[in-house]
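upload09.txt (compact mmCIF, C-alpha atoms)
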# COMPACT_ATOMS: atom_id res chain seq x y z
CA MET R 1 -33.50 -23.14 0.66
CA VAL R 2 -33.67 -19.45 1.65
CA GLY R 3 -36.96 -17.87 0.69
CA VAL R 4 -38.80 -21.14 -0.18
CA THR R 5 -42.43 -21.57 0.79
CA LYS R 6 -42.46 -25.36 0.85
CA ARG R 7 -42.68 -26.90 4.30
CA HIS R 8 -39.80 -29.04 5.56
CA VAL R 9 -39.41 -31.27 8.59
CA CYS R 10 -37.67 -29.60 11.55
CA SER R 11 -34.12 -30.89 11.78
CA VAL R 12 -34.23 -31.27 15.58
CA LYS R 13 -34.22 -34.97 16.40
CA HIS R 14 -37.64 -36.43 17.27
CA CYS R 15 -39.39 -33.06 16.64
CA GLY R 16 -41.16 -34.01 13.44
CA SER R 17 -42.83 -30.58 12.97
CA ARG R 18 -43.23 -29.36 9.44
CA THR R 19 -42.12 -25.73 9.07
CA ARG R 20 -41.15 -22.98 6.67
CA SER R 21 -38.72 -21.55 9.24
CA LEU R 22 -34.94 -21.88 9.10
CA ASP R 23 -32.03 -22.04 11.52
CA PRO R 24 -30.71 -18.42 11.71
CA ALA R 25 -27.15 -19.78 11.99
CA ASP R 26 -27.52 -22.17 9.04
CA HIS R 27 -29.98 -21.09 6.36
CA THR R 28 -29.98 -24.53 4.74
CA ARG R 29 -31.34 -26.23 7.89
CA PRO R 30 -35.12 -26.30 8.58
CA LEU R 31 -35.95 -25.39 12.16
CA CYS R 32 -39.37 -24.87 13.69
CA LYS R 33 -40.10 -21.70 15.62
CA GLU R 34 -40.40 -23.65 18.87
CA HIS R 35 -36.71 -24.55 18.53
CA GLY R 36 -35.60 -21.04 17.51
CA GLY R 37 -36.25 -21.05 13.78
CA GLU R 38 -36.96 -17.86 11.82
CA ASP R 39 -39.39 -17.23 8.99
CA ALA R 40 -37.89 -18.00 5.62
CA ASP R 41 -38.61 -14.48 4.43
CA ALA R 42 -36.96 -13.02 7.53
CA SER R 43 -33.98 -15.29 7.01
CA ALA R 44 -33.74 -14.18 3.41
CA ARG R 45 -33.71 -10.54 4.51
CA LEU R 46 -31.04 -11.35 7.10
CA VAL R 47 -28.89 -13.02 4.44
CA GLY R 48 -29.33 -9.97 2.23
CA LEU R 49 -28.33 -7.62 5.02
CA ARG R 50 -25.26 -9.67 5.83
CA GLN R 51 -24.26 -9.88 2.18
CA GLY R 52 -24.86 -6.13 1.83
CA ALA R 53 -22.63 -5.48 4.85
CA ARG R 54 -19.90 -7.61 3.27
CA ASN R 55 -20.27 -5.71 0.01
CA VAL R 56 -20.07 -2.36 1.83
CA HIS R 57 -16.98 -3.49 3.72
CA GLU R 58 -15.32 -4.66 0.51
CA GLU R 59 -16.13 -1.33 -1.17
CA GLN R 60 -14.62 0.55 1.77
CA LEU R 61 -11.44 -1.51 1.49
CA HIS R 62 -11.35 -0.78 -2.22
CA GLN R 63 -11.64 2.97 -1.57
CA VAL R 64 -8.82 2.81 1.00
CA ALA R 65 -6.74 1.03 -1.65
CA VAL R 66 -7.47 3.87 -4.11
CA LEU R 67 -6.38 6.41 -1.46
CA ALA R 68 -3.20 4.39 -0.86
CA ALA R 69 -2.47 4.34 -4.60
CA PHE R 70 -2.90 8.12 -4.77
CA VAL R 71 -0.50 8.65 -1.85
CA ASN R 72 2.05 6.18 -3.27
CA ALA R 73 1.92 7.89 -6.66
CA SER R 74 2.33 11.33 -5.05
CA ALA R 75 5.19 10.05 -2.90
CA VAL R 76 7.40 9.38 -5.95
CA SER R 77 7.71 13.09 -6.82
CA THR R 78 8.02 14.08 -3.15
CA VAL R 79 10.86 11.59 -2.64
CA GLU R 80 12.66 12.98 -5.69
CA LYS R 81 12.56 16.46 -4.17
CA VAL R 82 13.91 15.17 -0.85
CA HIS R 83 16.39 12.46 -1.88
CA GLY R 84 16.98 12.77 -5.61
CA GLN R 85 16.02 10.84 -8.73
CA GLN R 86 17.81 7.58 -7.94
CA THR R 87 15.86 7.04 -4.72
CA ALA R 88 12.65 8.11 -6.45
CA ASN R 89 13.29 5.55 -9.21
CA ALA R 90 13.69 2.80 -6.62
CA LEU R 91 10.37 3.77 -5.00
CA PHE R 92 8.72 3.91 -8.43
CA GLN R 93 9.74 0.31 -9.11
CA LYS R 94 7.97 -0.75 -5.89
CA VAL R 95 4.71 1.14 -6.39
CA ALA R 96 4.39 0.65 -10.16
CA SER R 97 3.23 -2.95 -9.67
CA ASP R 98 -0.14 -1.54 -8.55
CA PRO R 99 -2.37 -0.83 -11.60
CA GLN R 100 -4.19 1.90 -9.66
CA VAL R 101 -0.89 3.72 -9.02
CA LEU R 102 -0.09 3.56 -12.73
CA LYS R 103 -3.54 4.94 -13.51
CA PHE R 104 -2.64 8.09 -11.57
CA LEU R 105 0.90 8.37 -12.93
CA GLN R 106 -0.25 7.86 -16.52
CA HIS R 107 -2.93 10.55 -16.32
CA ASP R 108 -2.39 13.40 -18.78
CA GLU R 109 -2.53 16.08 -16.07
CA TRP R 110 -0.68 14.27 -13.29
CA THR R 111 2.56 16.24 -13.71
CA GLU R 112 0.84 19.57 -14.45
CA TYR R 113 -1.58 19.62 -11.53
CA ALA R 114 -0.38 21.46 -8.39
CA ARG R 115 -0.82 18.82 -5.71
CA GLY R 116 0.40 19.18 -2.17
CA GLU R 117 3.30 16.96 -1.12
CA ALA R 118 2.68 13.45 0.19
CA ASN R 119 3.65 14.90 3.59
CA PHE R 120 2.18 18.36 4.27
CA ALA R 121 5.19 19.22 6.46
CA LEU R 122 7.22 19.32 3.22
CA ASN R 123 4.92 21.82 1.51
CA ALA R 124 6.61 25.14 0.72
CA THR R 125 4.53 27.21 3.17
CA ASP R 126 4.99 24.72 6.02
CA LEU R 127 8.77 24.58 5.49
CA TYR R 128 8.89 28.39 5.27
CA LEU R 129 7.08 28.80 8.60
CA ARG R 130 9.24 26.16 10.29
CA ASP R 131 12.39 27.93 9.06
CA PHE R 132 11.33 31.56 9.55
CA LEU R 133 9.86 31.12 13.04
CA HIS R 134 12.56 28.80 14.37
CA HIS R 135 14.30 31.36 16.61
CA THR R 136 11.48 33.83 17.31
CA GLN R 137 9.52 34.33 20.53
CA PHE R 138 6.23 32.48 20.91
CA SER R 139 4.12 35.66 20.80
CA GLU R 140 5.78 36.70 17.53
CA GLN R 141 5.28 33.18 16.16
CA LEU R 142 1.57 33.46 16.92
CA LEU R 143 1.34 36.82 15.13
CA HIS R 144 2.96 35.48 11.95
CA LEU R 145 0.93 32.26 12.05
CA PHE R 146 -2.26 34.27 12.55
CA VAL R 147 -1.58 36.45 9.51
CA THR R 148 -0.36 33.54 7.37
CA ARG R 149 -3.03 30.94 8.00
CA LEU R 150 -5.95 33.36 8.10
CA HIS R 151 -5.12 35.13 4.85
CA PHE R 152 -1.55 35.21 3.45
CA ASN R 153 -1.18 31.46 3.11
CA ALA R 154 1.85 31.23 0.78
CA ASP R 155 5.60 30.71 0.99
CA GLY R 156 7.23 33.88 2.36
CA ALA R 157 4.07 35.98 2.07
CA SER R 158 3.84 37.10 5.71
CA LYS R 159 7.55 37.97 5.84
CA THR R 160 7.25 40.14 2.73
CA LEU R 161 4.04 41.74 4.02
CA PHE R 162 5.63 42.69 7.35
CA SER R 163 8.68 44.05 5.53
CA ASP R 164 6.57 46.13 3.13
CA TYR R 165 4.48 47.49 5.99
CA GLU R 166 7.55 48.61 7.95
CA ARG R 167 9.10 50.20 4.85
CA MET R 168 5.90 52.13 4.07
CA PHE R 169 4.95 53.15 7.63
CA GLY R 170 8.34 53.45 9.31
CA GLN R 171 7.39 51.18 12.22
CA PRO R 172 7.21 47.39 12.45
CA LEU R 173 3.92 45.52 12.52
CA ALA R 174 4.16 44.42 16.13
CA GLU R 175 2.64 44.75 19.58
CA GLY R 176 3.51 47.97 21.36
CA LYS R 177 3.69 49.91 18.08
CA THR R 178 1.11 52.14 16.42
CA PHE R 179 -0.88 50.17 13.87
CA SER R 180 -2.00 51.81 10.63
CA ARG R 181 -4.95 50.14 8.95
CA ALA R 182 -4.44 52.20 5.79
CA THR R 183 -0.78 51.18 5.47
CA PHE R 184 -1.62 47.54 6.16
CA LEU R 185 -4.27 47.53 3.44
CA GLU R 186 -1.93 49.15 0.91
CA ALA R 187 0.85 46.70 1.73
CA ALA R 188 -1.57 43.78 1.45
CA LEU R 189 -2.77 44.78 -2.02
CA SER R 190 0.56 43.79 -3.58
CA HIS R 191 0.10 40.16 -2.50
CA ASN R 192 -2.00 38.04 -4.83
CA ILE R 193 -2.63 35.10 -2.53
CA PRO R 194 -4.64 32.07 -3.75
CA SER R 195 -7.82 31.48 -1.79
CA HIS R 196 -7.08 28.36 0.24
CA TYR R 197 -10.02 26.69 1.99
CA PRO R 198 -12.57 29.25 0.67
CA HIS R 199 -15.54 27.79 2.59
CA TYR R 200 -13.85 27.97 6.00
CA LYS R 201 -12.25 31.30 5.15
CA LEU R 202 -15.63 32.88 4.34
CA GLN R 203 -17.08 31.41 7.53
CA LEU R 204 -14.12 32.77 9.52
CA TYR R 205 -14.47 36.33 8.23
CA ASN R 206 -18.26 36.42 8.42
CA ASN R 207 -18.12 35.36 12.07
CA GLU R 208 -15.39 37.91 12.86
CA ARG R 209 -17.27 40.73 11.12
CA ASN R 210 -20.35 39.89 13.22
CA ARG R 211 -18.21 39.91 16.39
CA GLN R 212 -16.80 43.32 15.52
CA LEU R 213 -20.27 44.67 14.76
CA SER R 214 -21.66 43.36 18.05
CA ASN R 215 -18.73 44.89 19.98
CA GLY R 216 -18.90 48.19 18.13
CA THR R 217 -15.21 47.90 17.15
CA VAL R 218 -15.75 48.40 13.39
CA ALA R 219 -14.46 51.84 12.44
CA ASP R 220 -13.49 51.33 8.81
CA THR R 221 -14.14 53.87 6.07
CA HIS R 222 -11.78 52.35 3.50
CA ASP R 223 -12.90 51.59 -0.05
CA THR R 224 -14.80 48.29 0.02
CA LYS R 225 -14.36 47.59 -3.69
CA LYS R 226 -10.61 48.31 -3.68
CA TYR R 227 -9.64 46.35 -0.57
CA GLY R 228 -12.37 43.76 -0.27
CA PHE R 229 -14.39 42.79 2.76
CA GLN R 230 -11.96 40.19 4.15
CA LEU R 231 -8.89 42.44 4.18
CA ARG R 232 -10.84 45.22 5.86
CA VAL R 233 -12.09 42.83 8.55
CA LEU R 234 -8.54 41.52 9.03
CA ALA R 235 -7.18 45.06 9.42
CA GLY R 236 -9.69 45.81 12.18
CA TRP R 237 -9.03 42.44 13.77
CA LEU R 238 -5.27 43.03 13.92
CA ASP R 239 -5.76 46.57 15.21
CA GLU R 240 -7.74 45.30 18.20
CA LEU R 241 -5.40 42.37 18.96
CA LEU R 242 -2.18 44.40 18.71
CA ARG R 243 -3.51 47.23 20.89
CA SER R 244 -4.56 44.77 23.59
CA ARG R 245 -1.31 42.75 23.31
CA ALA R 246 -3.44 39.68 22.74
CA PHE R 247 -0.61 37.66 21.17
CA SER R 248 1.57 38.05 24.26
CA LYS R 249 -1.34 37.20 26.52
CA THR R 250 -2.16 34.13 24.44
CA ALA R 251 1.46 32.96 24.54
CA ALA R 252 1.62 33.41 28.32
CA ALA R 253 -1.66 31.56 28.83
CA VAL R 254 -0.58 28.59 26.70
CA MET R 255 2.82 28.33 28.39
CA GLY R 256 0.93 28.41 31.69
CA GLY R 257 -1.09 25.34 30.73
CA THR R 258 -4.17 26.77 29.01
CA SER R 259 -5.36 24.71 26.08
CA LEU R 260 -3.91 26.07 22.82
CA ASP R 261 -7.23 25.52 21.07
CA LYS R 262 -9.12 27.41 23.80
CA ALA R 263 -6.59 30.28 23.83
CA LEU R 264 -6.83 30.71 20.06
CA ARG R 265 -10.62 30.75 20.30
CA THR R 266 -11.08 33.04 23.29
CA LYS R 267 -8.10 35.40 23.10
CA LEU R 268 -7.39 35.69 19.36
CA PHE R 269 -11.02 35.00 18.33
CA VAL R 270 -10.07 32.36 15.74
CA ASN R 271 -13.61 31.11 15.34
CA THR R 272 -13.26 28.07 13.04
CA GLU R 273 -11.92 24.73 14.21
CA TRP R 274 -10.19 24.34 10.86
CA HIS R 275 -7.99 27.44 11.23
CA ARG R 276 -7.23 26.62 14.86
CA MET R 277 -6.00 23.22 13.70
CA LEU R 278 -3.76 24.81 11.03
CA ILE R 279 -2.18 27.18 13.55
CA GLY R 280 -1.83 24.33 16.06
CA ARG R 281 0.00 22.21 13.49
CA ASP R 282 2.42 25.06 12.84
CA VAL R 283 2.99 25.63 16.56
CA THR R 284 3.82 21.92 16.87
CA ALA R 285 6.49 22.36 14.17
CA ALA R 286 7.93 25.73 15.26
CA ASN R 287 7.56 25.42 19.04
CA PRO R 288 6.98 21.82 20.24
CA GLU R 289 7.23 22.86 23.90
CA ALA R 290 4.37 25.35 23.52
CA ALA R 291 2.24 22.78 21.71
CA ALA R 292 2.86 20.25 24.49
CA ARG R 293 2.01 22.74 27.26
CA GLY R 294 -1.12 23.72 25.35
CA GLY R 295 -2.15 20.08 25.05
CA PHE R 296 -2.19 20.15 21.25
CA SER R 297 -1.72 16.81 19.50
CA LEU R 298 -1.73 16.03 15.77
CA THR R 299 -3.68 12.90 16.66
CA THR R 300 -6.41 14.23 18.94
CA ASN R 301 -6.74 17.78 17.55
CA THR R 302 -7.07 16.93 13.87
CA PHE R 303 -10.25 18.40 12.42
CA VAL R 304 -11.79 16.56 9.46
CA GLY R 305 -12.45 19.18 6.79
CA GLY R 306 -15.35 19.13 4.35
CA GLY R 307 -13.20 17.95 1.45
CA ALA R 308 -11.75 15.11 3.49
CA LYS R 309 -15.22 14.06 4.63
CA GLU R 310 -16.31 13.37 1.05
CA VAL R 311 -13.60 10.73 0.63
CA LEU R 312 -13.70 9.55 4.25
CA GLU R 313 -17.37 8.61 3.87
CA ARG R 314 -16.40 6.21 1.11
CA CYS R 315 -13.50 4.68 3.06
CA ALA R 316 -14.91 4.29 6.58
CA ALA R 317 -17.84 2.56 8.22
CA PRO R 318 -20.89 4.79 8.79
CA GLY R 319 -20.96 6.86 11.96
CA THR R 320 -21.15 10.37 13.38
CA ASP R 321 -17.73 10.42 15.05
CA TRP R 322 -15.53 11.73 12.26
CA SER R 323 -12.36 11.49 14.36
CA ALA R 324 -12.91 7.79 15.06
CA ARG R 325 -13.60 7.14 11.38
CA LEU R 326 -10.43 9.00 10.43
CA VAL R 327 -8.37 6.91 12.85
CA ALA R 328 -9.86 3.72 11.39
CA VAL R 329 -8.95 4.75 7.83
CA HIS R 330 -5.49 5.86 8.98
CA GLU R 331 -4.85 2.42 10.48
CA SER R 332 -6.10 0.67 7.33
CA LEU R 333 -4.11 2.95 5.03
CA THR R 334 -0.70 2.85 6.72
CA PRO R 335 0.21 -0.80 5.85
CA LEU R 336 -0.54 -0.09 2.17
CA LEU R 337 2.03 2.72 1.83
CA PHE R 338 5.56 2.27 0.50
CA GLY R 339 8.69 4.15 1.54
CA VAL R 340 7.00 6.19 4.27
CA ASP R 341 10.30 6.74 6.09
CA LEU R 342 11.63 8.45 2.97
CA TYR R 343 9.14 11.30 3.07
CA CYS R 344 6.97 11.11 6.24
CA PRO R 345 8.84 9.47 9.12
CA ARG R 346 6.45 10.96 11.70
CA ARG R 347 3.18 10.06 10.09
CA THR R 348 -0.01 10.79 12.07
CA VAL R 349 -3.73 10.92 11.36
CA SER R 350 -3.21 14.57 10.44
CA GLN R 351 -1.32 13.45 7.34
CA THR R 352 -4.14 11.06 6.46
CA GLU R 353 -6.69 13.88 6.75
CA ASP R 354 -4.56 16.01 4.44
CA GLN R 355 -4.25 13.16 1.91
CA LEU R 356 -8.03 12.68 1.92
CA CYS R 357 -8.33 16.38 1.02
CA GLU R 358 -5.72 16.07 -1.73
CA LEU R 359 -7.50 13.11 -3.31
CA ARG R 360 -10.78 15.00 -3.29
CA ARG R 361 -9.08 18.01 -4.95
CA TRP R 362 -7.58 15.75 -7.60
CA GLU R 363 -10.99 14.17 -8.32
CA THR R 364 -12.56 17.63 -8.59
CA ARG R 365 -9.84 18.66 -11.06
CA GLU R 366 -10.36 15.49 -13.09
CA GLN R 367 -14.15 15.82 -13.22
CA LYS R 368 -14.61 19.58 -13.52
CA LYS R 369 -11.19 20.67 -14.88
CA ARG R 370 -11.02 23.11 -11.99
CA GLY R 371 -7.84 23.45 -9.96
CA ARG R 372 -4.38 24.99 -9.92
CA LEU R 373 -1.72 23.98 -12.42
CA ARG R 374 2.00 24.09 -11.75
CA LYS R 375 4.16 27.01 -12.84
CA GLY R 376 7.35 25.97 -14.55
CA GLY R 377 10.60 27.59 -15.59
CA ALA R 378 12.96 29.32 -13.21
CA ARG R 379 10.41 29.25 -10.39
CA VAL R 380 10.73 25.45 -10.15
CA VAL R 381 14.51 25.69 -9.85
CA ASP R 382 14.28 28.48 -7.25
CA ALA R 383 11.70 26.55 -5.24
CA GLN R 384 13.88 23.43 -5.19
CA LEU R 385 16.97 25.38 -4.14
CA THR R 386 14.96 26.94 -1.31
CA ARG R 387 13.58 23.53 -0.29
CA ARG R 388 17.09 22.08 -0.32
CA GLY R 389 18.38 24.71 2.10
CA ARG R 390 15.46 24.28 4.48
CA LEU R 391 15.70 20.48 4.49
CA ARG R 392 19.39 20.62 5.30
CA LYS R 393 18.62 22.80 8.32
CA HIS R 394 15.56 21.02 9.69
CA TRP R 395 15.85 17.37 8.66
CA ARG R 396 16.17 16.16 12.25
CA ALA R 397 13.10 18.11 13.37
CA LEU R 398 11.18 16.57 10.46
CA GLY R 399 12.03 13.12 11.80
CA PHE R 400 14.51 11.88 9.19
CA LYS R 401 17.07 9.43 10.56
CA LYS R 402 19.79 10.61 8.20
CA LYS R 403 20.39 13.84 6.33
CA PRO R 404 18.54 13.91 2.98
CA SER R 405 20.43 14.80 -0.20
CA PRO R 406 17.94 16.94 -2.14
CA PRO R 407 19.06 17.77 -5.69
CA ASP R 408 19.81 21.31 -6.85
CA TYR R 409 17.20 20.90 -9.57
CA LEU R 410 14.55 18.35 -10.46
CA ALA R 411 14.53 16.05 -13.45
CA ASN R 412 12.12 16.62 -16.30
CA ALA R 413 8.70 17.02 -14.70
CA GLY R 414 7.30 14.35 -17.01
CA ALA R 415 10.00 11.76 -16.28
CA VAL R 416 7.90 9.76 -13.80
CA ARG R 417 4.89 9.79 -16.09
CA ALA R 418 7.08 8.70 -19.01
CA ARG R 419 8.31 5.73 -17.00
CA ALA R 420 4.71 4.89 -16.11
CA LEU R 421 3.64 5.06 -19.77
CA ASP R 422 6.42 2.64 -20.68
CA LEU R 423 4.68 0.02 -18.55
CA ARG R 424 1.50 0.10 -20.61

Please re-express this file's structure in structure tokens.
Amino acid sequence: MVGVTKRHVCSVKHCGSRTRSLDPADHTRPLCKEHGGEDADASARLVGLRQGARNVHEEQLHQVAVLAAFVNASAVSTVEKVHGQQTANALFQKVASDPQVLKFLQHDEWTEYARGEANFALNATDLYLRDFLHHTQFSEQLLHLFVTRLHFNADGASKTLFSDYERMFGQPLAEGKTFSRATFLEAALSHNIPSHYPHYKLQLYNNERNRQLSNGTVADTHDTKKYGFQLRVLAGWLDELLRSRAFSKTAAAVMGGTSLDKALRTKLFVNTEWHRMLIGRDVTAANPEAAARGGFSLTTNTFVGGGAKEVLERCAAPGTDWSARLVAVHESLTPLLFGVDLYCPRRTVSQTEDQLCELRRWETREQKKRGRLRKGGARVVDAQLTRRGRLRKHWRALGFKKKPSPPDYLANAGAVRARALDLR
């Protein structure tokens, strides 16, 4: 009856009025306007809006299911690295019943593409920082995290850089010591670090260069073409912070109750929320007490990056509060995941944000054929041996209830995909 122009008798007893209006609660029931009826055209629009809302909601649920399939597919290889092939096979049998999971696993580039782990705390750089900074003072932790997350974002890169600098200059790269910009730049040239988060990194260095220019602290005559603008800005940045003992002052302020986010912004001049979140996550892993005193939480301090927003928009109801939308997707996603205790026993919204980013990177790779591929050979074996040692030392801190048994080496990289292809 919705949308008809023919008049009908009002359904209210003894009314008798003829009307084109309908009951807004029951669009098959004629109801005159005097008794609360709505125009048929208005009712038709209302039905359309309600149906559209249902369709949008169903599409959002579908997109969350796609995200869950991506995480479940990624989890199989992560679980193999942590617990071995037998446990990974058992998880595979559970997730392979989902056609969307098989679609990922059967993709030609699934095993070649360099994804992050299903739990970012198990990524090589995160495990390296947790292990290397475990017994160092908070101020020294901040220095290494600053250098790592702002530029040298790779497994062992900051440790090698500091070692090379001390070997070349004869003094450590530390507060209270003379800092040589020239030596730092030469030591940095030997590190070919992939450009993680290029948008935020460019924003970070542009803002810092402008700060240095406004303060008159730029005194750099080094070759721009040879060293690049970002390294030269970083050298000046470190020079200022080390001379003023800013890392010690930041550590003292945080331990005294100052917000970690505020201290990073005002004392170390980390000017992007994204990089402050990365450093905060690492402080949570390496120094939980400092993170607690600085009021940093993986739930409330998670920043939704641009890559994550692209996928989050498809998965969550419209709105301007990205944090609330992330929490909503996190709560919808969690029940759809299998074997979480095997690889991410302390799962928070921060992991969900990271997985949104990883899915967007995978989609970019699939559409534009642009993205990093894995390096094989001896490097895979070395990486797994290193991961094994770190997991055996820090499994409790990572939240595992029992000690994992990571293998010395991984099975054929295509083994999971081969099993998936067998199910075609």

Give me the residues near range 144-158 of chain R as an mmCIF file with C-alpha atoms, in the frame of the given file, where near means some atom within 9 Å (using all atoms listed in the file) and where sequence neighbours in that chain fewer than 6 positions away do not count.
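What ended up in around.cif:
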data_model
loop_
_atom_site.group_PDB
_atom_site.id
_atom_site.type_symbol
_atom_site.label_atom_id
_atom_site.label_comp_id
_atom_site.auth_asym_id
_atom_site.auth_seq_id
_atom_site.Cartn_x
_atom_site.Cartn_y
_atom_site.Cartn_z
ATOM 1 C CA ASN R 123 4.920 21.820 1.510
ATOM 2 C CA ALA R 124 6.610 25.140 0.720
ATOM 3 C CA THR R 125 4.530 27.210 3.170
ATOM 4 C CA ASP R 126 4.990 24.720 6.020
ATOM 5 C CA LEU R 127 8.770 24.580 5.490
ATOM 6 C CA TYR R 128 8.890 28.390 5.270
ATOM 7 C CA LEU R 129 7.080 28.800 8.600
ATOM 8 C CA PHE R 132 11.330 31.560 9.550
ATOM 9 C CA LEU R 133 9.860 31.120 13.040
ATOM 10 C CA ALA R 188 -1.570 43.780 1.450
ATOM 11 C CA HIS R 191 0.100 40.160 -2.500
ATOM 12 C CA ASN R 192 -2.000 38.040 -4.830
ATOM 13 C CA ILE R 193 -2.630 35.100 -2.530
ATOM 14 C CA PRO R 194 -4.640 32.070 -3.750
ATOM 15 C CA SER R 195 -7.820 31.480 -1.790
ATOM 16 C CA HIS R 196 -7.080 28.360 0.240
ATOM 17 C CA LYS R 201 -12.250 31.300 5.150
ATOM 18 C CA LEU R 204 -14.120 32.770 9.520
ATOM 19 C CA GLN R 230 -11.960 40.190 4.150
ATOM 20 C CA LEU R 231 -8.890 42.440 4.180
ATOM 21 C CA LEU R 234 -8.540 41.520 9.030
ATOM 22 C CA LEU R 238 -5.270 43.030 13.920
ATOM 23 C CA LEU R 268 -7.390 35.690 19.360
ATOM 24 C CA VAL R 270 -10.070 32.360 15.740
ATOM 25 C CA HIS R 275 -7.990 27.440 11.230
ATOM 26 C CA LEU R 278 -3.760 24.810 11.030
ATOM 27 C CA ILE R 279 -2.180 27.180 13.550
ATOM 28 C CA ASP R 282 2.420 25.060 12.840
ATOM 29 C CA VAL R 283 2.990 25.630 16.560
#

Checklist entry - What is the CA of Glu109 in chain R-CA of Tyr197 in chain R distance in Å, reported with one decimal? => result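 Separating CA of Glu109 in chain R from CA of Tyr197 in chain R is a distance of 22.2 Å.
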
Checklist entry - Which residue out of R:Gln212, R:Asn72, R:Asn287, R:Thr160 has the minimum interatomic distance to Met255 in chain R when all atoms listed in the file are used? => result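 Of the candidates, the smallest distance to Met255 in chain R is held by R:Asn287.
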
Next on the checklist: Taking all atoms listed in the file into account, name the residue in R:Ala251, R:Phe229, R:Arg211, R:Ser77 that is nearest to Leu105 in chain R.
Outcome noted: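 Of R:Ala251, R:Phe229, R:Arg211, R:Ser77, the one nearest Leu105 in chain R is R:Ser77, counting all atoms listed in the file.
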
Checklist entry - So which one's closest to Arg243 in chain R, R:Leu67, R:Leu337, R:Ala174, R:Ala328? Using all atoms listed in the file, please. => result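 The answer is R:Ala174, which sits nearest to Arg243 in chain R.
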
Item to check | Pairwise distance for CA of His135 in chain R and CA of Ala286 in chain R, rounded to one decimal in Å | outcome: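 Interatomic distance, CA of His135 in chain R to CA of Ala286 in chain R: 8.6 Å.
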
Checklist entry - Using all atoms listed in the file, which residue out of R:Val64, R:Val254, R:Val9, R:Leu391 lies closest to Tyr343 in chain R? => result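 Under the stated criterion, the closest residue is R:Leu391.
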
Checklist entry - Restricting the calculation to all atoms listed in the file, which member of R:Glu363, R:Ser139, R:Asn119, R:Ala397 is positioned closest to Val349 in chain R? => result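 When distances to Val349 in chain R are compared using all atoms listed in the file, the smallest one comes from R:Asn119.
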
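Across R:Ala69, R:Cys357, R:Ala235, R:Ala88, the tightest approach to Gly306 in chain R is made by R:Cys357 when counting all atoms listed in the file.
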
Next on the checklist: Report as a ChimeraX atom specification all protein, DNA and RNA residues lying within 12 Å of Ala90 in chain R, evaluated on all atoms listed in the file, omitting residues in the same chain fewer than 5 positions from it.
Outcome noted: /R:75-77,79-80,83-85,95-96,338-339,342,416

Next on the checklist: Which residues are close to Pro288 in chain R, i.e. within 12 Å by all atoms listed in the file, leaving aside same-chain residues fewer than 6 positions away? Reply as a ChimeraX atom specification.
Outcome noted: /R:130,134,138,255,260,280-282,294-298,397-398

Kindly list the centre and edge lengths in Å, rounded to one decimal, for the axis-aligned box that covers all listed atoms of range 127-135 of chain R plus 3 Å on each of its six sides, as JSON.
{"center_x": 10.7, "center_y": 28.1, "center_z": 10.9, "size_x": 13.2, "size_y": 13.0, "size_z": 17.3}

Next on the checklist: As an exercise, work out the distance from CA of Leu333 in chain R to CA of Phe70 in chain R in Å and give it to one decimal place.
Outcome noted: 11.1 Å
